[in-house]
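Peer 1: Handing you this structure, nothing more for now.
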Amino acid sequence: MDSTNARRFGSGLVLVLLLTVPFLMLYLGKAFWLDIFTRLVILAIAASSLSLLLSVAGLPSFGHAAYLGLGAYAVGIPVYFATYGGADWLASYNGWWHLVLTISVCGLFALVTGAISLRTRGVHFIMITMAFSQMIFYLLVSLEEFGGDDGLSVDLRSEFLGLDKRFGFNIEEPWIFYLLCYGVLLVVLFIVSRLRHSHFGRVLAAAKQNETRVRALGVNPYGYRLFAFVIAGIIGGVAGFLYANFSYFVSPGMVEWTRSGELMFMIILGGASSIFGPVVGAACFVLLEHVLSRITLFWHLPFGLLLLGVVLFGRGGVIGLLKRERDT
Amino acid sequence: MSVLRTEQLTKRFGGVTATDSVSLSLSEHRVHALIGPNGAGKTTLIAQLSGELAPDSGQVFLGDKNITKLNEPARVRAGLCRTFQISSLFHQFSVRENVAFSVQAESGHSYRFWSKVANNKTLNTRADNLLETLGLLDKANVTATSLSHGEQRQLEIAMALASKPSVLMLDEPMAGMGAEESSRLIELLKTLKSETTLLLVEHDMDAVFALADDLSVLVNGCLIASGVAAEVRTRPDVIDAYLGVSA
């Protein structure tokens with residue numbers, strides 16, 4: 001089996017497992033696995049969007065959780081107003097409206113913060129992206145009306161008018177919601193894959209390897225990076241939109257800097273070389289967290305050690321490890 | 001007619017004047033060699049011409065256009081391109097991808113998000129033509145890192161040529177090359193004269209004298225001589241400062 005085929009097989013396997021395992025578990029009466037897999041898929045979407053910056057463009061953005069938070073509050077706040085009254089222009093249960101809000105708010109935030117952050121390099125870039133996400137964190141904490149640091153319950157999931165009535169597409173139903181998230185993941189992976197292999201993606205990859213040369217060939221990478229930053233921010237926002245609908249709850253905790261770190265870990269854990277790396281990484285992360293926390297209360301310790309091991313010895317992440325196994 | 005010209009170009013680093021009011025002029029379709037001892041400020045001068053460094057004072061003109069304020073990418077698009085003293089490649093790309101990206105950089109913006117760039121026939125064909133010119137076509141599919149040092153130097157030039165420069169600045173293109181590779185490169189550079197103008201920074205005097213139509217000598221940031229190569233190389237101050245008694 002050559003490497004292209006192996007890769008195709010691996011990717012296909014991941015997608016098939018994500019589609020079958022939760023339903024198998026549901027059939028076996030272990031319904032909570034559907035919840036775990038929903039969370040897994042949403043985090044995989046977020047990690048995939050970050051991988052566009054981290055793996056493709058080589059931009060270590062340490063503030064990606066901000067987009068998850070913004071996307072989540074773009075659901076939480078309109079639903080809050082729709083339930084309790086006030087701010088009529090904003091209040092709505094309509095999912096399309098939530099999505100429009102998510103995309104415009106995250107796109108704008110990415111555009112403004114990206115335009116500033118991308119003028120810096122290396123550690124400065126890490127710190128400034130983190131600082132911007134902390135600004136969002138403290139902004140959300142200070143919003144007393146929306147629960148401050150306690151967060152805000154979302155009473156109902158977004159309604160997709162038209163789809164609900166005509167096709168019985170009711171996302172309050174857990175398995176339908178899971179299929180929705182799974183579908184979004186497929187679309188996101190497809191988009192990331194196309195971008196990665198496009199003219200645009202090659203500029204990002206070239207600038208990651210040797211920015212000096214890119215400039216000496218007449219290309220200023222700034223605009224391309226900013227565009228990638230905005231796309232990644234919007235997709236991250238969509239992940240947050242889904243997360244709010246999934247957990248019926250939004251809180252500033254989603255934006256904590258450790259969340260951004262976790263997303264980076266997922267990418268490193270899965271391996272940066274493949275489009276499926278972030279998906280595998282998110283899967284390992286969520287499943288390990290679940291399994292270890294059932295074994296011991298102090299699950300963070302073995303979890304941390306394991307991550308350390310992958311970073312130190314498994315260059316290329318879990319996918320890299322599998323690849324090496326096959327090569328030898 | 002001068003295609004690239006500087007007026008009183010000056011750059012200081014602290015107390016060191018790396019470029020001391022240099023006024024240099026390159027004529028079209030000629031090879032202009034820039035020589036000088038180590039630390040004379042040749043690379044600093046190239047960096048100011050390419051736009052990587054901003055001069056403290058003075059002007060740079062490309063043709064009639066004042067490009068002093070243009071940044072590096074804009075200067076390249078205007079037709080002024082450079083190669084690097086230490087090969088500056090994309091190490092994870094294949095040799096073909098290195099050149100294809102350079103062609104892509106020349107052919108307008110890259111805000112194209114959908115089609116696969118690796119399958120773009122126009123880019124690949126032009127890249128392969130350039131690789132053939134440089135004798136690297138049989139290495140097109142290997143990664144840039146697995147090339148020998150001499151081959152990397154050739155790839156460096158192939159990438160610069162992809163920009164279709166009207167002025168090409170070569171920063172020690174022969175550095176570290178074997179005699180055979182050098183002479184092959186000299187032959188290639190001779191053929192380039194009909195398409196472009198070359199500014200050649202080089203320590204290999206055989207290469208300089210084989211190629212240069214014009215010659216400028218830089219010592220401690222000052223241009224001490226500039227003119228037709230055959231005349232400049234016989235001037236006593238030039239011989240004193242750089243060429244040594246034997247030349």
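Ordering of the structure tokens sets the chain letters (A, B, ...), residue numbers begin anew at 1 in every chain, and ligands are numbered from 1 in the order given.
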Give the strand (DSSP E) residues of region 169-198 of chain B, as assigned by DSSP on the backbone, as an NGL selection string.
Peer 2: :B and (169-171 or 197-198)
Peer 1: Kindly save the residues from that selection, with C-alpha atoms included, as a PDB file, in the first residue's frame.
Peer 2:
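Output below, filename selection-v4.pdb:
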```pdb
ATOM      1  CA  MET B 169      21.344  41.393  -9.229  1.00  0.00           C
ATOM      2  CA  LEU B 170      23.435  38.319  -8.553  1.00  0.00           C
ATOM      3  CA  ASP B 171      25.046  38.205  -5.117  1.00  0.00           C
ATOM      4  CA  THR B 197      20.895  43.653 -17.422  1.00  0.00           C
ATOM      5  CA  LEU B 198      23.081  42.017 -14.808  1.00  0.00           C
TER       6      LEU B 198
END
```
Peer 1: Might you pull out every residue within 9 Å of region 118-124 of chain B, with only C-alpha atoms counted and same-chain residues fewer than 3 positions away left off, and present them as a CSV table (one decimal) with C-alpha atoms, in the first residue's frame?
Peer 2:
```
chain,number,residue,atom,x,y,z
A,197,HIS,CA,-3.6,23.2,-2.4
A,198,SER,CA,-4.6,26.4,-4.2
A,199,HIS,CA,-2.4,29.3,-5.5
B,96,ARG,CA,9.8,22.3,-9.7
B,97,GLU,CA,7.5,23.8,-7.0
B,99,VAL,CA,10.4,27.6,-9.6
B,100,ALA,CA,6.6,27.2,-10.2
B,101,PHE,CA,6.0,29.4,-7.2
B,103,VAL,CA,6.5,31.9,-11.9
B,104,GLN,CA,3.3,32.3,-9.9
B,107,SER,CA,2.0,36.2,-13.0
B,115,SER,CA,-8.1,25.2,-8.4
B,127,ALA,CA,9.0,26.2,-14.5
B,128,ASP,CA,10.2,23.2,-16.5
B,129,ASN,CA,11.5,25.5,-19.3
```
Peer 1: Using only C-alpha atoms, determine which residues lie at most 12 Å from region 4-6 of chain B, disregarding the query and same-chain residues fewer than 3 positions distant; provide the list as a PyMOL selection string.
Peer 2: chain B and resi 1+9-10+19-30+32+45-46+48-50+55+57-68+75+78-81+165-169+196-199+223
Peer 1: Please, could you write that set of residues out with N, CA and C atoms as a CSV table (one decimal), in the first residue's frame?
Peer 2:
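After the write, part00.csv holds the following:
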```
chain,number,residue,atom,x,y,z
B,1,MET,N,22.0,53.8,-22.3
B,1,MET,CA,21.0,54.3,-21.4
B,1,MET,C,21.0,53.6,-20.1
B,9,LEU,N,23.8,57.5,-2.7
B,9,LEU,CA,23.2,56.5,-1.7
B,9,LEU,C,24.1,56.4,-0.5
B,10,THR,N,23.5,56.6,0.7
B,10,THR,CA,24.3,56.5,2.0
B,10,THR,C,23.6,55.7,3.0
B,19,THR,N,27.6,52.4,3.3
B,19,THR,CA,27.5,52.9,1.9
B,19,THR,C,27.7,54.4,2.0
B,20,ASP,N,28.7,54.8,1.3
B,20,ASP,CA,29.2,56.2,1.4
B,20,ASP,C,28.9,57.0,0.1
B,21,SER,N,27.8,57.7,0.0
B,21,SER,CA,27.3,58.4,-1.1
B,21,SER,C,27.8,57.7,-2.5
B,22,VAL,N,27.2,56.6,-2.7
B,22,VAL,CA,27.5,55.8,-3.9
B,22,VAL,C,26.6,56.2,-5.0
B,23,SER,N,27.2,56.6,-6.1
B,23,SER,CA,26.4,56.9,-7.3
B,23,SER,C,26.8,55.9,-8.4
B,24,LEU,N,25.9,55.0,-8.7
B,24,LEU,CA,26.3,53.9,-9.6
B,24,LEU,C,25.3,53.9,-10.7
B,25,SER,N,25.7,53.5,-11.9
B,25,SER,CA,24.8,53.5,-13.1
B,25,SER,C,25.0,52.3,-13.9
B,26,LEU,N,24.0,51.5,-14.2
B,26,LEU,CA,24.0,50.3,-15.0
B,26,LEU,C,23.5,50.6,-16.4
B,27,SER,N,24.2,50.2,-17.4
B,27,SER,CA,23.7,50.3,-18.8
B,27,SER,C,23.0,49.1,-19.2
B,28,GLU,N,22.1,49.3,-20.1
B,28,GLU,CA,21.2,48.2,-20.6
B,28,GLU,C,22.0,47.1,-21.3
B,29,HIS,N,21.5,45.8,-21.0
B,29,HIS,CA,22.1,44.7,-21.7
B,29,HIS,C,23.6,44.5,-21.6
B,30,ARG,N,24.1,44.9,-20.4
B,30,ARG,CA,25.5,44.7,-20.1
B,30,ARG,C,25.6,44.0,-18.8
B,32,HIS,N,27.4,44.3,-15.4
B,32,HIS,CA,28.2,45.2,-14.5
B,32,HIS,C,28.6,44.5,-13.3
B,45,LEU,N,24.8,47.3,-0.1
B,45,LEU,CA,24.4,48.0,-1.3
B,45,LEU,C,23.3,47.3,-2.1
B,46,ILE,N,23.5,46.0,-2.3
B,46,ILE,CA,22.5,45.2,-2.9
B,46,ILE,C,21.1,45.3,-2.2
B,48,GLN,N,20.0,47.6,-0.4
B,48,GLN,CA,19.3,48.9,-0.6
B,48,GLN,C,18.8,49.0,-2.0
B,49,LEU,N,19.4,48.4,-2.9
B,49,LEU,CA,18.9,48.4,-4.3
B,49,LEU,C,17.6,47.6,-4.3
B,50,SER,N,17.6,46.4,-3.6
B,50,SER,CA,16.5,45.5,-3.7
B,50,SER,C,15.3,46.0,-2.8
B,55,PRO,N,17.9,53.3,2.6
B,55,PRO,CA,19.1,54.1,2.7
B,55,PRO,C,18.8,55.3,3.6
B,57,SER,N,20.1,58.3,3.1
B,57,SER,CA,19.9,59.3,2.2
B,57,SER,C,20.3,58.9,0.8
B,58,GLY,N,19.8,59.6,-0.2
B,58,GLY,CA,20.1,59.3,-1.6
B,58,GLY,C,18.9,58.7,-2.3
B,59,GLN,N,19.0,58.4,-3.6
B,59,GLN,CA,17.9,58.0,-4.4
B,59,GLN,C,18.3,56.8,-5.2
B,60,VAL,N,17.3,56.0,-5.6
B,60,VAL,CA,17.5,54.9,-6.5
B,60,VAL,C,16.5,55.0,-7.6
B,61,PHE,N,17.0,54.9,-8.9
B,61,PHE,CA,16.1,55.0,-10.0
B,61,PHE,C,16.1,53.7,-10.8
B,62,LEU,N,15.0,53.2,-11.2
B,62,LEU,CA,14.9,52.1,-12.2
B,62,LEU,C,14.3,52.7,-13.5
B,63,GLY,N,15.2,52.7,-14.5
B,63,GLY,CA,14.8,53.5,-15.7
B,63,GLY,C,14.6,55.0,-15.3
B,64,ASP,N,13.5,55.6,-15.6
B,64,ASP,CA,13.2,57.0,-15.2
B,64,ASP,C,12.5,57.1,-13.9
B,65,LYS,N,12.1,55.9,-13.3
B,65,LYS,CA,11.3,55.9,-12.2
B,65,LYS,C,12.0,55.9,-10.9
B,66,ASN,N,11.7,56.9,-10.0
B,66,ASN,CA,12.3,56.9,-8.7
B,66,ASN,C,11.7,55.8,-7.8
B,67,ILE,N,12.5,54.8,-7.4
B,67,ILE,CA,11.9,53.7,-6.7
B,67,ILE,C,12.4,53.7,-5.2
B,68,THR,N,13.0,54.8,-4.8
B,68,THR,CA,13.5,54.9,-3.4
B,68,THR,C,12.5,54.5,-2.4
B,75,ARG,N,9.4,46.7,-5.9
B,75,ARG,CA,10.5,46.8,-6.8
B,75,ARG,C,10.7,45.6,-7.7
B,78,ALA,N,8.4,45.8,-10.4
B,78,ALA,CA,8.8,46.8,-11.4
B,78,ALA,C,10.0,46.3,-12.2
B,79,GLY,N,10.5,45.1,-11.9
B,79,GLY,CA,11.5,44.5,-12.8
B,79,GLY,C,12.9,44.4,-12.2
B,80,LEU,N,13.1,44.7,-10.9
B,80,LEU,CA,14.4,44.6,-10.3
B,80,LEU,C,14.4,43.4,-9.3
B,81,CYS,N,15.2,42.4,-9.7
B,81,CYS,CA,15.2,41.2,-8.9
B,81,CYS,C,16.6,40.8,-8.5
B,165,PRO,N,13.1,39.6,-14.8
B,165,PRO,CA,13.6,40.9,-14.4
B,165,PRO,C,14.2,41.7,-15.5
B,166,SER,N,14.1,43.1,-15.4
B,166,SER,CA,14.8,43.9,-16.4
B,166,SER,C,16.2,44.1,-15.9
B,167,VAL,N,16.4,44.1,-14.5
B,167,VAL,CA,17.7,44.1,-13.9
B,167,VAL,C,17.8,43.0,-12.9
B,168,LEU,N,18.8,42.2,-13.1
B,168,LEU,CA,19.0,41.0,-12.2
B,168,LEU,C,20.3,41.2,-11.4
B,169,MET,N,20.2,41.2,-10.1
B,169,MET,CA,21.3,41.4,-9.2
B,169,MET,C,21.7,40.0,-8.7
B,196,THR,N,18.3,40.8,-20.3
B,196,THR,CA,18.3,41.5,-19.1
B,196,THR,C,19.6,42.2,-18.9
B,197,THR,N,19.7,43.0,-17.8
B,197,THR,CA,20.9,43.7,-17.4
B,197,THR,C,21.3,43.0,-16.1
B,198,LEU,N,22.6,42.7,-16.0
B,198,LEU,CA,23.1,42.0,-14.8
B,198,LEU,C,24.0,42.9,-13.9
B,199,LEU,N,23.7,42.8,-12.6
B,199,LEU,CA,24.7,43.4,-11.7
B,199,LEU,C,25.3,42.2,-10.9
B,223,LEU,N,32.7,54.1,-3.6
B,223,LEU,CA,32.9,53.6,-5.0
B,223,LEU,C,34.2,54.3,-5.4
```
Peer 1: Can you build me a table of region 228-252 of chain A residues sitting at most 12 Å from region 97-114 of chain A, with the closest atom pair per residue and its distance in Å to one decimal, using only C-alpha atoms, sorted by chain and residue number, as a tab-separated table?
Peer 2:
```
residue	atom	partner	partner_atom	distance
A:Ala228	CA	A:Gly114	CA	9.4
A:Phe229	CA	A:Gly114	CA	6.3
A:Val230	CA	A:Ala110	CA	5.0
A:Ile231	CA	A:Gly107	CA	7.3
A:Ala232	CA	A:Ala110	CA	8.4
A:Gly233	CA	A:Ala110	CA	5.7
A:Ile234	CA	A:Cys106	CA	5.3
A:Ile235	CA	A:Ile103	CA	8.1
A:Gly236	CA	A:Cys106	CA	8.1
A:Gly237	CA	A:Thr102	CA	5.9
A:Val238	CA	A:Thr102	CA	6.7
A:Ala239	CA	A:Thr102	CA	9.8
A:Gly240	CA	A:Thr102	CA	8.5
A:Phe241	CA	A:Thr102	CA	7.0
A:Leu242	CA	A:Leu99	CA	9.7
A:Ala244	CA	A:His98	CA	10.8
A:Asn245	CA	A:His98	CA	10.6
```
Peer 1: Keeping only N, CA and C atoms, write those residues as an mmCIF file, in the first residue's frame.
Peer 2:
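Result file part01.cif:
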```
data_model
loop_
_atom_site.group_PDB
_atom_site.id
_atom_site.type_symbol
_atom_site.label_atom_id
_atom_site.label_comp_id
_atom_site.auth_asym_id
_atom_site.auth_seq_id
_atom_site.Cartn_x
_atom_site.Cartn_y
_atom_site.Cartn_z
ATOM 1 N N ALA A 228 -6.150 34.537 5.316
ATOM 2 C CA ALA A 228 -6.202 33.246 6.017
ATOM 3 C C ALA A 228 -6.696 33.441 7.445
ATOM 4 N N PHE A 229 -6.240 34.518 8.064
ATOM 5 C CA PHE A 229 -6.620 34.827 9.440
ATOM 6 C C PHE A 229 -8.132 35.024 9.548
ATOM 7 N N VAL A 230 -8.693 35.727 8.566
ATOM 8 C CA VAL A 230 -10.134 35.991 8.578
ATOM 9 C C VAL A 230 -10.917 34.697 8.335
ATOM 10 N N ILE A 231 -10.485 33.902 7.366
ATOM 11 C CA ILE A 231 -11.188 32.641 7.090
ATOM 12 C C ILE A 231 -11.152 31.749 8.330
ATOM 13 N N ALA A 232 -9.972 31.631 8.938
ATOM 14 C CA ALA A 232 -9.836 30.786 10.126
ATOM 15 C C ALA A 232 -10.730 31.301 11.244
ATOM 16 N N GLY A 233 -10.798 32.625 11.395
ATOM 17 C CA GLY A 233 -11.634 33.214 12.439
ATOM 18 C C GLY A 233 -13.111 32.903 12.217
ATOM 19 N N ILE A 234 -13.550 33.003 10.973
ATOM 20 C CA ILE A 234 -14.965 32.750 10.670
ATOM 21 C C ILE A 234 -15.307 31.276 10.943
ATOM 22 N N ILE A 235 -14.436 30.371 10.508
ATOM 23 C CA ILE A 235 -14.723 28.948 10.743
ATOM 24 C C ILE A 235 -14.687 28.648 12.246
ATOM 25 N N GLY A 236 -13.739 29.265 12.946
ATOM 26 C CA GLY A 236 -13.707 29.124 14.403
ATOM 27 C C GLY A 236 -15.001 29.609 15.026
ATOM 28 N N GLY A 237 -15.542 30.705 14.485
ATOM 29 C CA GLY A 237 -16.808 31.235 14.972
ATOM 30 C C GLY A 237 -17.956 30.263 14.742
ATOM 31 N N VAL A 238 -17.927 29.602 13.581
ATOM 32 C CA VAL A 238 -18.984 28.621 13.292
ATOM 33 C C VAL A 238 -18.908 27.473 14.307
ATOM 34 N N ALA A 239 -17.688 27.083 14.677
ATOM 35 C CA ALA A 239 -17.535 26.048 15.707
ATOM 36 C C ALA A 239 -18.165 26.517 17.020
ATOM 37 N N GLY A 240 -17.967 27.795 17.359
ATOM 38 C CA GLY A 240 -18.556 28.343 18.581
ATOM 39 C C GLY A 240 -20.077 28.387 18.510
ATOM 40 N N PHE A 241 -20.582 28.742 17.343
ATOM 41 C CA PHE A 241 -22.026 28.744 17.078
ATOM 42 C C PHE A 241 -22.592 27.351 17.359
ATOM 43 N N LEU A 242 -21.911 26.327 16.870
ATOM 44 C CA LEU A 242 -22.374 24.956 17.098
ATOM 45 C C LEU A 242 -22.256 24.578 18.572
ATOM 46 N N ALA A 244 -22.424 26.457 21.256
ATOM 47 C CA ALA A 244 -23.495 27.054 22.069
ATOM 48 C C ALA A 244 -24.788 26.265 21.915
ATOM 49 N N ASN A 245 -25.063 25.856 20.680
ATOM 50 C CA ASN A 245 -26.263 25.060 20.433
ATOM 51 C C ASN A 245 -26.164 23.685 21.062
#
```
Peer 1: Please identify the alpha helix (DSSP H) residues within region 89-286 of chain A (assignment by DSSP from backbone atoms) and present them as a PyMOL selection string.
Peer 2: chain A and resi 95-117+122-142+163-167+174-196+199-209+211-216+222-247+257-270+277-286
Peer 1: I'd like a table as CSV: residues in chain B with an atom no more than 7 Å from chain A, each row giving the shortest atom pair and its distance in Å to one decimal, only C-alpha atoms counted, sorted by chain and rising residue number.
Peer 2:
```
residue,atom,partner,partner_atom,distance
B:Glu72,CA,A:Arg215,CA,6.3
B:Pro73,CA,A:Gly218,CA,3.7
B:Ala74,CA,A:Gly218,CA,6.2
B:Val76,CA,A:Gly218,CA,4.7
B:Arg77,CA,A:Gly218,CA,5.4
B:Cys81,CA,A:Ala216,CA,6.8
B:Arg82,CA,A:Ala216,CA,6.8
B:Ser88,CA,A:Arg213,CA,6.2
B:Phe90,CA,A:Gln209,CA,5.8
B:Ser102,CA,A:Leu217,CA,6.3
B:Ala105,CA,A:Val219,CA,6.1
B:Ser110,CA,A:Phe200,CA,5.3
B:Tyr111,CA,A:Phe200,CA,5.5
B:Arg112,CA,A:His199,CA,5.5
B:Phe113,CA,A:Ser198,CA,5.2
B:Trp114,CA,A:Arg194,CA,5.6
B:Ser115,CA,A:Ser198,CA,5.6
B:Lys116,CA,A:Ser198,CA,4.8
B:Val117,CA,A:Ser198,CA,5.0
B:Ser163,CA,A:Leu217,CA,6.6
```
Peer 1: Out of B:Asn38, B:Leu131, B:Leu137, B:Lys69, which residue has the shortest atom-to-atom distance to Leu53 (chain B) when counting only C-alpha atoms?
Peer 2: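 Selected residue with least distance to Leu53 (chain B): B:Lys69.
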